[in-house]
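K.L.:
Before anything else, here's the structure in question.
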Amino acid sequence: MDEKISQSQERNKQEKPRLSRKIWGHSRHIFRKYLGMPSLTETRKTIVLNDLIDASSPEIDFFILVFFAAGIATFGLIADSSVVTIGAQLVDPLMSPILGFSIASLTGLKRMYKRAIIAVVKGILLAIILSAAISFLTYRLPLGEAAAIPHEVLVRTTATPLDLGIALIGGAAAAYALAHPRLDAALPGVAIATALMPPLCTIGYGIAFMSGGIILGAALQFFTNFSAISFAAILTFALLGFGPKKTKQPRGLSRSITVTAVMLLGIGIPLVILAWSTMKADRLNTRANQVITQNLPPTAEAQLTDLDITTVSGETEITATIRAVRPLNTRETEALKQSLTEHLEQAIILRVVTLPMQVLDP
């Protein structure tokens, strides 16, 4: 009986890979047939592979371009110029070793895989160190910038599911354009859409000011883009027919795709949770703003100028700053609190800050 069970288990182990190969092969066939994806010749695959092998073993030119891109991006962030920041993305060479890493993990070329990882890591470190040095010096020179965080920096400290989707499509577009010689013109557009250098330079900016929030936020955005680009590129290369050449049989789903998919889920789930929390906070802020604006006493000629909502120990605290010709009395404040409690359907702590306003009749 035990022998029969062990034989059955052994058969199941052998059938699973075959089933995986069948599903993967069938999916690729459907993708090519109904979406019109042309198959690549072996010659073209060899050319693409050789090009990415060269890109994954960068020489001094690669690091010079990283230096230029990081310098442009850092000054663009400090100057709060989105145009300059976009220009840095066009110079950025990090996309090539990332695509090399993706195709190496799919084809099983270990030396290429290691070289691509080393190139990416060295490029990351160079960009961060240079941006930290530029940021540190710029804000401490006699005629340096005022110490205020630019909007372009703040934009790079948050990652959302939208960023994940952009990076996924961008990675697939980069792999597809690289595999087809007539589509190389699309690569600059992909470089702009999938920002890699600006988040790295934002990390350097955060290091210069020793701001953990900026560093962690920018690191999350970069890692989100890196993981999504890698996963989409691996999947696209696999659909184009790239893979290990040790066997001519239909290949199953590569382990590299599984690993990057798990890594992507590890990033995507927190991003969705964060986005949902942000949406709830925005919705609460909008509803509270409407309720306060509609219930301010007309005799005070009050205007809501600022609204701050925080949650502490499960209690919602609302601080409303209004500009009025007179302070609100206790009865008016209690009525405002009651209206907020009814419309928000939760207990709140309300604080009203009144800024005096004088109305002059000419």
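Letters A, B, ... go to the chains of the structure tokens in the order shown; residues in each chain start at 1; ligands are counted from 1 in the same order.
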What's the 10 Å shell around Ile118 of chain A, counting only C-alpha atoms, without same-chain residues fewer than 5 positions away, as a PyMOL selection string?
P.N.:
chain A and resi 56-58+97+101+112-113+123-124
K.L.:
Could the residues in this selection be saved with N, CA and C atoms as an mmCIF file, in the first residue's frame?
P.N.:
data_model
loop_
_atom_site.group_PDB
_atom_site.id
_atom_site.type_symbol
_atom_site.label_atom_id
_atom_site.label_comp_id
_atom_site.auth_asym_id
_atom_site.auth_seq_id
_atom_site.Cartn_x
_atom_site.Cartn_y
_atom_site.Cartn_z
ATOM 1 N N SER A 56 25.237 44.629 -19.891
ATOM 2 C CA SER A 56 25.322 44.153 -18.513
ATOM 3 C C SER A 56 26.748 44.102 -18.004
ATOM 4 N N SER A 57 27.703 44.393 -18.867
ATOM 5 C CA SER A 57 29.114 44.459 -18.468
ATOM 6 C C SER A 57 29.635 45.859 -18.800
ATOM 7 N N PRO A 58 29.123 46.867 -18.108
ATOM 8 C CA PRO A 58 29.409 48.254 -18.494
ATOM 9 C C PRO A 58 30.858 48.646 -18.275
ATOM 10 N N PRO A 97 21.182 47.539 -17.975
ATOM 11 C CA PRO A 97 21.527 46.399 -17.124
ATOM 12 C C PRO A 97 20.323 45.763 -16.436
ATOM 13 N N PHE A 101 19.643 41.960 -16.608
ATOM 14 C CA PHE A 101 19.333 41.122 -15.447
ATOM 15 C C PHE A 101 18.091 40.285 -15.704
ATOM 16 N N MET A 112 26.266 36.640 -16.732
ATOM 17 C CA MET A 112 25.561 37.839 -17.161
ATOM 18 C C MET A 112 24.665 38.363 -16.030
ATOM 19 N N TYR A 113 24.018 37.457 -15.315
ATOM 20 C CA TYR A 113 23.144 37.814 -14.201
ATOM 21 C C TYR A 113 23.933 38.577 -13.128
ATOM 22 N N GLY A 123 25.782 51.530 -10.151
ATOM 23 C CA GLY A 123 25.112 52.724 -10.666
ATOM 24 C C GLY A 123 24.253 53.393 -9.603
ATOM 25 N N ILE A 124 23.563 52.578 -8.794
ATOM 26 C CA ILE A 124 22.726 53.112 -7.716
ATOM 27 C C ILE A 124 23.582 53.860 -6.699
#
K.L.:
With a distance cut-off of 6 Å and only C-alpha atoms, select the neighbouring residues of segment 133-136 of chain A, excluding the residue or stretch itself and same-chain residues fewer than 2 positions from it, and output the selection as a PDB file with N, CA and C atoms, in the first residue's frame.
P.N.:
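Everything below was put into result37.pdb:
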ATOM      1  N   LEU A 130      26.600  60.903  -5.363  1.00  0.00           N
ATOM      2  CA  LEU A 130      26.753  62.178  -6.070  1.00  0.00           C
ATOM      3  C   LEU A 130      25.623  63.141  -5.722  1.00  0.00           C
ATOM      4  N   SER A 131      24.380  62.648  -5.690  1.00  0.00           N
ATOM      5  CA  SER A 131      23.255  63.534  -5.383  1.00  0.00           C
ATOM      6  C   SER A 131      23.319  64.033  -3.942  1.00  0.00           C
ATOM      7  N   THR A 138      25.075  72.439  -2.210  1.00  0.00           N
ATOM      8  CA  THR A 138      24.205  73.486  -2.762  1.00  0.00           C
ATOM      9  C   THR A 138      23.505  74.270  -1.664  1.00  0.00           C
ATOM     10  N   TYR A 139      23.040  73.578  -0.633  1.00  0.00           N
ATOM     11  CA  TYR A 139      22.303  74.253   0.424  1.00  0.00           C
ATOM     12  C   TYR A 139      23.205  74.884   1.487  1.00  0.00           C
ATOM     13  N   TYR A 205      19.290  63.236  -1.740  1.00  0.00           N
ATOM     14  CA  TYR A 205      18.794  64.488  -1.146  1.00  0.00           C
ATOM     15  C   TYR A 205      18.400  64.259   0.306  1.00  0.00           C
ATOM     16  N   ALA A 208      21.450  63.918   2.495  1.00  0.00           N
ATOM     17  CA  ALA A 208      22.083  65.212   2.769  1.00  0.00           C
ATOM     18  C   ALA A 208      21.410  65.942   3.918  1.00  0.00           C
TER      19      ALA A 208
END
K.L.:
Report, in Å with one decimal, the straight-line distance from atom CA of Phe222 of chain A to atom CA of Pro199 of chain A.
P.N.:
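Answer for the atom CA of Phe222 of chain A to atom CA of Pro199 of chain A separation: 5.6 Å.
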K.L.:
Which residues, written as an NGL selection string, have at least one atom at most 7 Å from segment 154-159 of chain A, with only C-alpha atoms counted and residues fewer than 2 positions away on the same chain left out?
P.N.:
:A and (150-152 or 163 or 199 or 202 or 214 or 217-218 or 220-221 or 271)
K.L.:
My list of candidates is A:Leu355, A:Leu164, A:Leu328, A:Ile349. Which is closest to Pro298 of chain A when distances are computed with only C-alpha atoms?
P.N.:
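Among A:Leu355, A:Leu164, A:Leu328, A:Ile349, it is A:Leu328 that comes nearest to Pro298 of chain A.
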K.L.:
Point out the residue among A:Gly206, A:Ile86, A:Arg115, A:Ala148 with the least atom-to-atom distance to Thr194 of chain A, counting only C-alpha atoms.
P.N.:
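With only C-alpha atoms as the atom set, the closest residue is A:Ile86.
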K.L.:
Between A:Asn289, A:Ser339, A:Gln89, A:Thr321, which residue has the minimum interatomic distance to Val352 of chain A, considering only C-alpha atoms?
P.N.:
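Result for the nearest residue to Val352 of chain A: A:Thr321.
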K.L.:
Select, from A:Leu126, A:Leu350, A:Leu296, A:Ile166, the residue with the minimum atom-to-atom distance to Ile64 of chain A, counting only C-alpha atoms.
P.N.:
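Smallest distance to Ile64 of chain A is found for A:Leu126.
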K.L.:
Using only C-alpha atoms, pick whichever of A:Leu304, A:Ala324, A:Val120, A:Ile60 has the shortest atom-to-atom distance to Leu99 of chain A.
P.N.:
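Ranked by minimum distance to Leu99 of chain A, first place goes to A:Val120.
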K.L.:
So how many Å separate atom CA of Asn225 of chain A and atom CA of Ile117 of chain A, to one decimal?
P.N.:
15.5 Å
K.L.:
Just list as a short mmCIF file (atom, residue, chain, number, x, y, z; two decimals) with N, CA and C atoms, in the first residue's frame whatever in segment 46-111 of chain A DSSP marks as alpha helix (DSSP H).
P.N.:
data_model
loop_
_atom_site.label_atom_id
_atom_site.label_comp_id
_atom_site.auth_asym_id
_atom_site.auth_seq_id
_atom_site.Cartn_x
_atom_site.Cartn_y
_atom_site.Cartn_z
N THR A 46 19.71 36.01 -30.80
CA THR A 46 21.14 36.02 -30.48
C THR A 46 21.68 37.45 -30.45
N ILE A 47 21.23 38.29 -31.39
CA ILE A 47 21.67 39.68 -31.43
C ILE A 47 21.23 40.41 -30.16
N VAL A 48 19.96 40.24 -29.78
CA VAL A 48 19.44 40.90 -28.59
C VAL A 48 20.20 40.43 -27.35
N LEU A 49 20.45 39.13 -27.28
CA LEU A 49 21.15 38.58 -26.13
C LEU A 49 22.58 39.12 -26.04
N ASN A 50 23.26 39.20 -27.18
CA ASN A 50 24.63 39.73 -27.19
C ASN A 50 24.66 41.22 -26.81
N ASP A 51 23.67 41.96 -27.31
CA ASP A 51 23.61 43.39 -26.96
C ASP A 51 23.42 43.58 -25.46
N LEU A 52 22.56 42.76 -24.86
CA LEU A 52 22.32 42.89 -23.43
C LEU A 52 23.48 42.35 -22.60
N ILE A 53 24.22 41.39 -23.15
CA ILE A 53 25.44 40.94 -22.46
C ILE A 53 26.44 42.09 -22.37
N ASP A 54 26.59 42.83 -23.48
CA ASP A 54 27.48 44.00 -23.47
C ASP A 54 26.98 45.08 -22.51
N ALA A 55 25.65 45.30 -22.51
CA ALA A 55 25.08 46.32 -21.63
C ALA A 55 25.18 45.94 -20.16
N ILE A 60 33.55 52.30 -18.64
CA ILE A 60 33.60 53.64 -18.06
C ILE A 60 32.48 54.54 -18.60
N ASP A 61 32.05 54.32 -19.86
CA ASP A 61 30.99 55.14 -20.45
C ASP A 61 29.70 55.05 -19.64
N PHE A 62 29.39 53.85 -19.15
CA PHE A 62 28.18 53.65 -18.35
C PHE A 62 28.20 54.54 -17.11
N PHE A 63 29.32 54.53 -16.40
CA PHE A 63 29.40 55.30 -15.16
C PHE A 63 29.47 56.80 -15.43
N ILE A 64 30.04 57.19 -16.57
CA ILE A 64 30.03 58.61 -16.93
C ILE A 64 28.60 59.08 -17.17
N LEU A 65 27.80 58.25 -17.86
CA LEU A 65 26.40 58.61 -18.09
C LEU A 65 25.61 58.64 -16.79
N VAL A 66 25.89 57.71 -15.88
CA VAL A 66 25.24 57.74 -14.57
C VAL A 66 25.59 59.04 -13.85
N PHE A 67 26.86 59.41 -13.93
CA PHE A 67 27.33 60.66 -13.31
C PHE A 67 26.57 61.86 -13.88
N PHE A 68 26.47 61.93 -15.21
CA PHE A 68 25.77 63.04 -15.84
C PHE A 68 24.28 63.04 -15.48
N ALA A 69 23.66 61.86 -15.56
CA ALA A 69 22.22 61.77 -15.29
C ALA A 69 21.91 62.13 -13.84
N ALA A 70 22.74 61.66 -12.91
CA ALA A 70 22.52 61.97 -11.50
C ALA A 70 22.72 63.46 -11.23
N GLY A 71 23.73 64.05 -11.87
CA GLY A 71 23.95 65.48 -11.69
C GLY A 71 22.79 66.31 -12.22
N ILE A 72 22.32 65.98 -13.41
CA ILE A 72 21.19 66.72 -13.99
C ILE A 72 19.94 66.54 -13.14
N ALA A 73 19.66 65.30 -12.73
CA ALA A 73 18.46 65.03 -11.94
C ALA A 73 18.50 65.75 -10.59
N THR A 74 19.67 65.75 -9.94
CA THR A 74 19.78 66.41 -8.63
C THR A 74 19.55 67.91 -8.74
N PHE A 75 20.18 68.55 -9.71
CA PHE A 75 19.96 69.99 -9.90
C PHE A 75 18.52 70.27 -10.31
N GLY A 76 17.92 69.35 -11.07
CA GLY A 76 16.52 69.52 -11.43
C GLY A 76 15.61 69.44 -10.21
N LEU A 77 15.91 68.52 -9.29
CA LEU A 77 15.12 68.40 -8.07
C LEU A 77 15.28 69.65 -7.20
N ILE A 78 16.52 70.12 -7.04
CA ILE A 78 16.77 71.30 -6.20
C ILE A 78 16.13 72.55 -6.81
N SER A 82 10.63 70.21 -13.37
CA SER A 82 10.26 68.91 -13.92
C SER A 82 10.89 68.68 -15.29
N VAL A 83 11.11 69.76 -16.06
CA VAL A 83 11.72 69.63 -17.39
C VAL A 83 13.14 69.10 -17.27
N VAL A 84 13.92 69.65 -16.34
CA VAL A 84 15.30 69.20 -16.16
C VAL A 84 15.32 67.76 -15.66
N THR A 85 14.41 67.41 -14.78
CA THR A 85 14.34 66.05 -14.25
C THR A 85 14.03 65.05 -15.36
N ILE A 86 13.13 65.41 -16.27
CA ILE A 86 12.82 64.55 -17.41
C ILE A 86 14.05 64.38 -18.30
N GLY A 87 14.80 65.47 -18.48
CA GLY A 87 16.02 65.38 -19.28
C GLY A 87 17.01 64.39 -18.70
N ALA A 88 17.09 64.31 -17.37
CA ALA A 88 18.00 63.36 -16.72
C ALA A 88 17.58 61.92 -17.01
N GLN A 89 16.29 61.67 -17.12
CA GLN A 89 15.80 60.33 -17.40
C GLN A 89 16.20 59.86 -18.81
N LEU A 90 16.36 60.81 -19.72
CA LEU A 90 16.78 60.45 -21.07
C LEU A 90 18.25 60.05 -21.12
N VAL A 91 19.06 60.60 -20.20
CA VAL A 91 20.49 60.27 -20.15
C VAL A 91 20.74 59.00 -19.35
N MET A 95 18.50 51.44 -17.36
CA MET A 95 17.53 50.52 -17.94
C MET A 95 18.20 49.32 -18.61
N SER A 96 19.36 49.55 -19.24
CA SER A 96 20.02 48.46 -19.98
C SER A 96 20.45 47.31 -19.08
N PRO A 97 21.18 47.54 -17.98
CA PRO A 97 21.53 46.40 -17.12
C PRO A 97 20.32 45.76 -16.44
N ILE A 98 19.26 46.53 -16.21
CA ILE A 98 18.05 45.94 -15.63
C ILE A 98 17.43 44.96 -16.62
N LEU A 99 17.38 45.34 -17.90
CA LEU A 99 16.89 44.41 -18.92
C LEU A 99 17.84 43.23 -19.06
N GLY A 100 19.15 43.47 -18.92
CA GLY A 100 20.11 42.38 -18.94
C GLY A 100 19.90 41.42 -17.80
N PHE A 101 19.64 41.96 -16.61
CA PHE A 101 19.33 41.12 -15.45
C PHE A 101 18.09 40.28 -15.70
N SER A 102 17.07 40.88 -16.34
CA SER A 102 15.81 40.18 -16.60
C SER A 102 16.01 39.01 -17.55
N ILE A 103 16.71 39.26 -18.67
CA ILE A 103 16.88 38.19 -19.66
C ILE A 103 17.88 37.14 -19.15
N ALA A 104 18.83 37.53 -18.31
CA ALA A 104 19.78 36.56 -17.76
C ALA A 104 19.09 35.63 -16.78
N SER A 105 18.18 36.16 -15.97
CA SER A 105 17.45 35.31 -15.04
C SER A 105 16.51 34.36 -15.76
N LEU A 106 16.12 34.73 -16.98
CA LEU A 106 15.24 33.87 -17.77
C LEU A 106 16.02 32.80 -18.53
N THR A 107 17.16 33.18 -19.06
CA THR A 107 17.94 32.24 -19.88
C THR A 107 18.94 31.43 -19.06
N LYS A 110 24.43 32.78 -15.78
CA LYS A 110 24.78 33.20 -14.43
C LYS A 110 25.79 34.36 -14.43
N ARG A 111 26.79 34.30 -15.31
CA ARG A 111 27.79 35.38 -15.34
C ARG A 111 27.14 36.69 -15.75
#
K.L.:
What gap, in Å, lies between atom CA of Gly213 of chain A and atom CA of Ile149 of chain A?
P.N.:
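Going from atom CA of Gly213 of chain A over to atom CA of Ile149 of chain A covers 12.2 Å.
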